[in-house]
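Notes to accompany the following structure.
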Amino acid sequence: MSEQYTYAVARIRALEVSLFSDSTIDQLIACQSYDQALQFLEEKGWGDNESSGDAEKILTREEEKTWEVVKDLSIGMEHFDVLSYPKLFHNLKAAVKEVCTGDKNRHIYYEDVRIPGEEMRKIVEDRDFGKLPDSMRIVGEEAYETLLHTGDGQLCDVIIDRAALDAIYQAGKASPDKIIQDYAESTVAVADIKIAVRSQKTAKSTEFMKRAMAECDSLSVSQLSKAALSGMDAICEYLRGTAYAEGAEALAESPSAFERWCDNRIIQTISPEKYHAFTIGPVIAYVIARQNEIKTVRIILSGKQNELPDDSIRERVRKMYV
């Protein structure tokens, strides 16, 4: 088992050197303007000839490069299901909404997943839900029927988002790899905490929260939703007794500190993989680190475009893997 990853990990180790460190991110924040920030990225090798000067194209190209590396390593793509589920379920959501509302322009699809946009739209249009992976069949039909008969877009989102969390969690439970187990646990718990926080702010019911949250070992969904009904202090109080106590501190500080903690928690989960050599761990950690890096650069570029002060951008910035 370990032999098959030796080459892959050596290749990843070489690529980790070009990941952005916290100090590289500081340099990007220090750029005087949006255009200068784009130039900085291009000098670091981001994007390609086709994407020059276009932030969205540069970021999309970087995402593509990450998966090109993974495919080159000849590791079965099923190991990465846990990372592609958010995009795959997003495509299902976009397709259900497009087909049910007839609105073709608003829904953006991801193409670098098992079922790209056009194919997903056709499955939903033909109501051929049997063509979807097991974890999506029932939920695809349920979301479609719900939106068609109630016109409730939010309920449709909740149904599909919950199924995505369940699929990530099941992939974690089924995986022999500790990094995938830990990543799935952290991802679902953090998502549940976000749902509790949003539900508290928008005065959602217990029923809504139980429908939206996915069960996981490190949190109690019923205790978390009960806390959300009592207020933000009660959520913080509950979190202090769990593995997510730092989330309570971030929540008490500010909404952007909390959002930042949510992503940093995932990076914290994968950091030990830097020291493993004979498992798939470093490869998966590299992909998550790249996704985190691209998300952070997107936040900085958005801040530059909106002419936010550097300090304001800095408090939204995620922790880097290297």
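If you're wondering about the labels, chains in the structure tokens are A, B, ... by order shown, residues count from 1 in each chain, ligands from 1 in order shown.
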Using 10 Å as the limit and counting only C-alpha atoms, can you tabulate each residue of region 200-248 of chain A that touches region 183-187 of chain A, with its shortest atom-to-atom distance in Å and the two atoms involved, as a tab-separated table?
residue	atom	partner	partner_atom	distance
A:Glu215	CA	A:Glu185	CA	9.8
A:Cys216	CA	A:Glu185	CA	6.6
A:Asp217	CA	A:Glu185	CA	7.4
A:Ser218	CA	A:Glu185	CA	7.3
A:Leu219	CA	A:Glu185	CA	9.5
A:Ala243	CA	A:Ser186	CA	9.8
A:Tyr244	CA	A:Ser186	CA	9.3
For the residues in that selection, give me C-alpha atoms as a short mmCIF file (atom, residue, chain, number, x, y, z; two decimals), in the first residue's frame.
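And here's selection_39.cif as it stands now:
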data_model
loop_
_atom_site.label_atom_id
_atom_site.label_comp_id
_atom_site.auth_asym_id
_atom_site.auth_seq_id
_atom_site.Cartn_x
_atom_site.Cartn_y
_atom_site.Cartn_z
CA GLU A 215 -25.22 14.15 12.34
CA CYS A 216 -21.56 13.77 13.30
CA ASP A 217 -19.61 12.28 16.22
CA SER A 218 -17.95 15.44 17.53
CA LEU A 219 -21.12 17.53 18.01
CA ALA A 243 -13.46 20.22 20.31
CA TYR A 244 -14.54 23.50 18.68
#
Next on the checklist: If we count only C-alpha atoms and set the cut-off at 10 Å, which residues sit around Gly45 (chain A), ignoring sequence neighbours fewer than 3 positions away in its own chain? Please answer as a PyMOL selection string.
Outcome noted: chain A and resi 18+39-42+48+58+62
Item to check | DSSP-assigned alpha helix (DSSP H) among region 45-247 of chain A, expressed as a ChimeraX atom specification | outcome: /A:55-72,81-101,117-125,134-150,153-174,178-201,206-212,221-230,232-240,245-247
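As for CA of Ser230 (chain A) and CA of Leu251 (chain A), they are spaced 15.3 Å apart.
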Next on the checklist: So, with only C-alpha atoms as the atoms that count, which of A:Ser222, A:Ser33, A:Thr66, A:Ser52 lies closest to Glu16 (chain A)?
Outcome noted: A:Thr66
Item to check | Non-local contacts of region 93-98 of chain A (9 Å; only C-alpha atoms; under 6 positions in same chain excluded) as a list in words | outcome: Lys104, Asn105, Arg106, His107, Ile108, Tyr109, Gly117, Glu118, Met120, Arg121, Lys122, Ile123, Val124, Glu125, Gly140, Ala143, Tyr144, Leu147, Gly153, Cys156, Asp157, Ile160 and Asp161 of chain A
Write to file, as a JSON list (two decimals), in the first residue's frame, the residues of the selection just made, with N, CA, C and O atoms.
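Result file is again.json:
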[["chain", "number", "residue", "atom", "x", "y", "z"],
["A", 104, "LYS", "N", -32.37, 30.26, -17.29],
["A", 104, "LYS", "CA", -31.12, 29.65, -17.76],
["A", 104, "LYS", "C", -29.87, 30.46, -17.42],
["A", 104, "LYS", "O", -28.77, 29.96, -17.48],
["A", 105, "ASN", "N", -30.04, 31.72, -17.08],
["A", 105, "ASN", "CA", -28.85, 32.58, -17.00],
["A", 105, "ASN", "C", -28.20, 32.66, -15.63],
["A", 105, "ASN", "O", -27.05, 33.02, -15.51],
["A", 106, "ARG", "N", -28.96, 32.32, -14.60],
["A", 106, "ARG", "CA", -28.45, 32.59, -13.26],
["A", 106, "ARG", "C", -27.59, 31.48, -12.68],
["A", 106, "ARG", "O", -26.91, 31.65, -11.69],
["A", 107, "HIS", "N", -27.63, 30.31, -13.30],
["A", 107, "HIS", "CA", -27.04, 29.15, -12.63],
["A", 107, "HIS", "C", -25.69, 28.75, -13.24],
["A", 107, "HIS", "O", -25.60, 28.41, -14.40],
["A", 108, "ILE", "N", -24.68, 28.83, -12.41],
["A", 108, "ILE", "CA", -23.32, 28.54, -12.86],
["A", 108, "ILE", "C", -22.99, 27.10, -12.47],
["A", 108, "ILE", "O", -23.27, 26.67, -11.35],
["A", 109, "TYR", "N", -22.38, 26.38, -13.38],
["A", 109, "TYR", "CA", -22.01, 24.98, -13.12],
["A", 109, "TYR", "C", -20.50, 24.82, -13.02],
["A", 109, "TYR", "O", -19.74, 25.58, -13.62],
["A", 117, "GLY", "N", -22.00, 20.34, -15.90],
["A", 117, "GLY", "CA", -23.26, 21.07, -15.99],
["A", 117, "GLY", "C", -24.28, 20.54, -16.96],
["A", 117, "GLY", "O", -25.42, 20.22, -16.60],
["A", 118, "GLU", "N", -23.88, 20.44, -18.23],
["A", 118, "GLU", "CA", -24.83, 20.06, -19.29],
["A", 118, "GLU", "C", -25.44, 18.68, -19.02],
["A", 118, "GLU", "O", -26.64, 18.46, -19.15],
["A", 120, "MET", "N", -25.65, 17.16, -16.08],
["A", 120, "MET", "CA", -26.51, 17.21, -14.89],
["A", 120, "MET", "C", -27.88, 17.80, -15.25],
["A", 120, "MET", "O", -28.92, 17.31, -14.81],
["A", 121, "ARG", "N", -27.86, 18.86, -16.06],
["A", 121, "ARG", "CA", -29.12, 19.49, -16.44],
["A", 121, "ARG", "C", -30.00, 18.51, -17.21],
["A", 121, "ARG", "O", -31.21, 18.42, -16.99],
["A", 122, "LYS", "N", -29.37, 17.70, -18.09],
["A", 122, "LYS", "CA", -30.14, 16.74, -18.88],
["A", 122, "LYS", "C", -30.75, 15.65, -18.00],
["A", 122, "LYS", "O", -31.90, 15.26, -18.16],
["A", 123, "ILE", "N", -29.99, 15.18, -17.01],
["A", 123, "ILE", "CA", -30.48, 14.17, -16.07],
["A", 123, "ILE", "C", -31.74, 14.69, -15.37],
["A", 123, "ILE", "O", -32.75, 13.99, -15.26],
["A", 124, "VAL", "N", -31.67, 15.94, -14.88],
["A", 124, "VAL", "CA", -32.81, 16.52, -14.15],
["A", 124, "VAL", "C", -33.98, 16.76, -15.10],
["A", 124, "VAL", "O", -35.13, 16.47, -14.78],
["A", 125, "GLU", "N", -33.67, 17.26, -16.29],
["A", 125, "GLU", "CA", -34.71, 17.55, -17.28],
["A", 125, "GLU", "C", -35.49, 16.29, -17.65],
["A", 125, "GLU", "O", -36.71, 16.29, -17.75],
["A", 140, "GLY", "N", -32.08, 14.10, -5.28],
["A", 140, "GLY", "CA", -32.32, 14.81, -6.54],
["A", 140, "GLY", "C", -33.80, 14.89, -6.86],
["A", 140, "GLY", "O", -34.34, 15.96, -7.17],
["A", 143, "ALA", "N", -35.67, 17.08, -4.14],
["A", 143, "ALA", "CA", -35.47, 18.52, -4.32],
["A", 143, "ALA", "C", -36.26, 19.02, -5.53],
["A", 143, "ALA", "O", -36.88, 20.09, -5.50],
["A", 144, "TYR", "N", -36.27, 18.22, -6.58],
["A", 144, "TYR", "CA", -36.99, 18.58, -7.81],
["A", 144, "TYR", "C", -38.49, 18.70, -7.53],
["A", 144, "TYR", "O", -39.12, 19.70, -7.86],
["A", 147, "LEU", "N", -39.26, 21.78, -5.20],
["A", 147, "LEU", "CA", -39.22, 23.09, -5.86],
["A", 147, "LEU", "C", -40.38, 23.25, -6.84],
["A", 147, "LEU", "O", -41.00, 24.31, -6.93],
["A", 153, "GLY", "N", -37.30, 27.90, -2.95],
["A", 153, "GLY", "CA", -35.89, 27.71, -3.32],
["A", 153, "GLY", "C", -35.00, 27.41, -2.13],
["A", 153, "GLY", "O", -34.05, 26.63, -2.22],
["A", 156, "CYS", "N", -35.30, 23.80, -1.11],
["A", 156, "CYS", "CA", -34.57, 23.00, -2.11],
["A", 156, "CYS", "C", -33.07, 23.01, -1.77],
["A", 156, "CYS", "O", -32.41, 21.97, -1.77],
["A", 157, "ASP", "N", -32.54, 24.19, -1.43],
["A", 157, "ASP", "CA", -31.12, 24.31, -1.04],
["A", 157, "ASP", "C", -30.81, 23.46, 0.19],
["A", 157, "ASP", "O", -29.80, 22.76, 0.23],
["A", 160, "ILE", "N", -30.61, 19.68, -0.55],
["A", 160, "ILE", "CA", -29.41, 19.26, -1.28],
["A", 160, "ILE", "C", -28.14, 19.48, -0.45],
["A", 160, "ILE", "O", -27.25, 18.62, -0.42],
["A", 161, "ASP", "N", -28.08, 20.61, 0.27],
["A", 161, "ASP", "CA", -26.88, 20.87, 1.11],
["A", 161, "ASP", "C", -26.73, 19.82, 2.21],
["A", 161, "ASP", "O", -25.62, 19.37, 2.51]]
Checklist entry - Which residues come within 10 Å of Gln170 (chain A), counting only C-alpha atoms, excluding same-chain residues fewer than 4 positions away, as a ChimeraX atom specification? => result /A:82,135,164-166,174-175,181,184-185
Could the residues in this selection be written to a file with all heavy atoms, as an mmCIF file, in the first residue's frame?
data_model
loop_
_atom_site.group_PDB
_atom_site.id
_atom_site.type_symbol
_atom_site.label_atom_id
_atom_site.label_comp_id
_atom_site.auth_asym_id
_atom_site.auth_seq_id
_atom_site.Cartn_x
_atom_site.Cartn_y
_atom_site.Cartn_z
ATOM 1 N N VAL A 82 -14.597 12.983 -1.504
ATOM 2 C CA VAL A 82 -14.946 13.810 -0.350
ATOM 3 C C VAL A 82 -14.699 15.300 -0.641
ATOM 4 O O VAL A 82 -15.388 16.160 -0.127
ATOM 5 C CB VAL A 82 -14.159 13.318 0.904
ATOM 6 C CG1 VAL A 82 -12.702 13.675 0.831
ATOM 7 C CG2 VAL A 82 -14.777 13.827 2.180
ATOM 8 N N SER A 135 -25.696 8.443 -3.614
ATOM 9 C CA SER A 135 -25.952 9.449 -2.564
ATOM 10 C C SER A 135 -26.799 10.625 -3.070
ATOM 11 O O SER A 135 -27.212 11.471 -2.288
ATOM 12 C CB SER A 135 -24.622 9.990 -2.033
ATOM 13 O OG SER A 135 -23.866 10.565 -3.084
ATOM 14 N N ALA A 164 -25.393 16.688 0.725
ATOM 15 C CA ALA A 164 -23.956 16.820 0.434
ATOM 16 C C ALA A 164 -23.136 16.559 1.699
ATOM 17 O O ALA A 164 -22.129 15.845 1.671
ATOM 18 C CB ALA A 164 -23.652 18.222 -0.109
ATOM 19 N N LEU A 165 -23.587 17.115 2.829
ATOM 20 C CA LEU A 165 -22.883 16.881 4.105
ATOM 21 C C LEU A 165 -22.920 15.402 4.483
ATOM 22 O O LEU A 165 -21.917 14.835 4.924
ATOM 23 C CB LEU A 165 -23.509 17.723 5.225
ATOM 24 C CG LEU A 165 -23.302 19.241 5.145
ATOM 25 C CD1 LEU A 165 -24.049 19.937 6.283
ATOM 26 C CD2 LEU A 165 -21.815 19.601 5.201
ATOM 27 N N ASP A 166 -24.087 14.778 4.307
ATOM 28 C CA ASP A 166 -24.206 13.340 4.614
ATOM 29 C C ASP A 166 -23.252 12.516 3.742
ATOM 30 O O ASP A 166 -22.626 11.566 4.213
ATOM 31 C CB ASP A 166 -25.646 12.859 4.421
ATOM 32 C CG ASP A 166 -26.586 13.346 5.531
ATOM 33 O OD1 ASP A 166 -26.084 13.663 6.633
ATOM 34 O OD2 ASP A 166 -27.808 13.413 5.301
ATOM 35 N N ALA A 174 -16.259 5.675 5.459
ATOM 36 C CA ALA A 174 -15.926 4.495 4.642
ATOM 37 C C ALA A 174 -14.439 4.440 4.278
ATOM 38 O O ALA A 174 -13.940 3.424 3.819
ATOM 39 C CB ALA A 174 -16.763 4.514 3.363
ATOM 40 N N SER A 175 -13.730 5.554 4.489
ATOM 41 C CA SER A 175 -12.341 5.612 4.047
ATOM 42 C C SER A 175 -11.388 4.995 5.066
ATOM 43 O O SER A 175 -11.537 5.202 6.266
ATOM 44 C CB SER A 175 -11.938 7.067 3.809
ATOM 45 O OG SER A 175 -10.557 7.123 3.499
ATOM 46 N N GLN A 181 -11.075 10.725 7.035
ATOM 47 C CA GLN A 181 -11.989 10.612 8.188
ATOM 48 C C GLN A 181 -12.024 11.948 8.952
ATOM 49 O O GLN A 181 -13.090 12.475 9.258
ATOM 50 C CB GLN A 181 -11.504 9.505 9.140
ATOM 51 C CG GLN A 181 -11.500 8.108 8.549
ATOM 52 C CD GLN A 181 -10.607 7.154 9.344
ATOM 53 O OE1 GLN A 181 -10.193 7.451 10.466
ATOM 54 N NE2 GLN A 181 -10.301 6.011 8.768
ATOM 55 N N ALA A 184 -13.604 14.876 6.914
ATOM 56 C CA ALA A 184 -15.069 14.774 6.844
ATOM 57 C C ALA A 184 -15.696 15.188 8.175
ATOM 58 O O ALA A 184 -16.682 15.930 8.207
ATOM 59 C CB ALA A 184 -15.475 13.344 6.473
ATOM 60 N N GLU A 185 -15.113 14.729 9.270
ATOM 61 C CA GLU A 185 -15.632 15.079 10.608
ATOM 62 C C GLU A 185 -15.608 16.590 10.811
ATOM 63 O O GLU A 185 -16.608 17.202 11.208
ATOM 64 C CB GLU A 185 -14.799 14.369 11.682
ATOM 65 C CG GLU A 185 -15.299 14.556 13.098
ATOM 66 C CD GLU A 185 -16.633 13.864 13.381
ATOM 67 O OE1 GLU A 185 -16.810 12.686 12.980
ATOM 68 O OE2 GLU A 185 -17.512 14.505 13.984
#
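Comparing the minimum interatomic distances between Ile299 (chain A) and each of A:Cys100, A:Thr6, A:Glu56, A:Val283, counting only C-alpha atoms, we find that A:Glu56 sits nearest.
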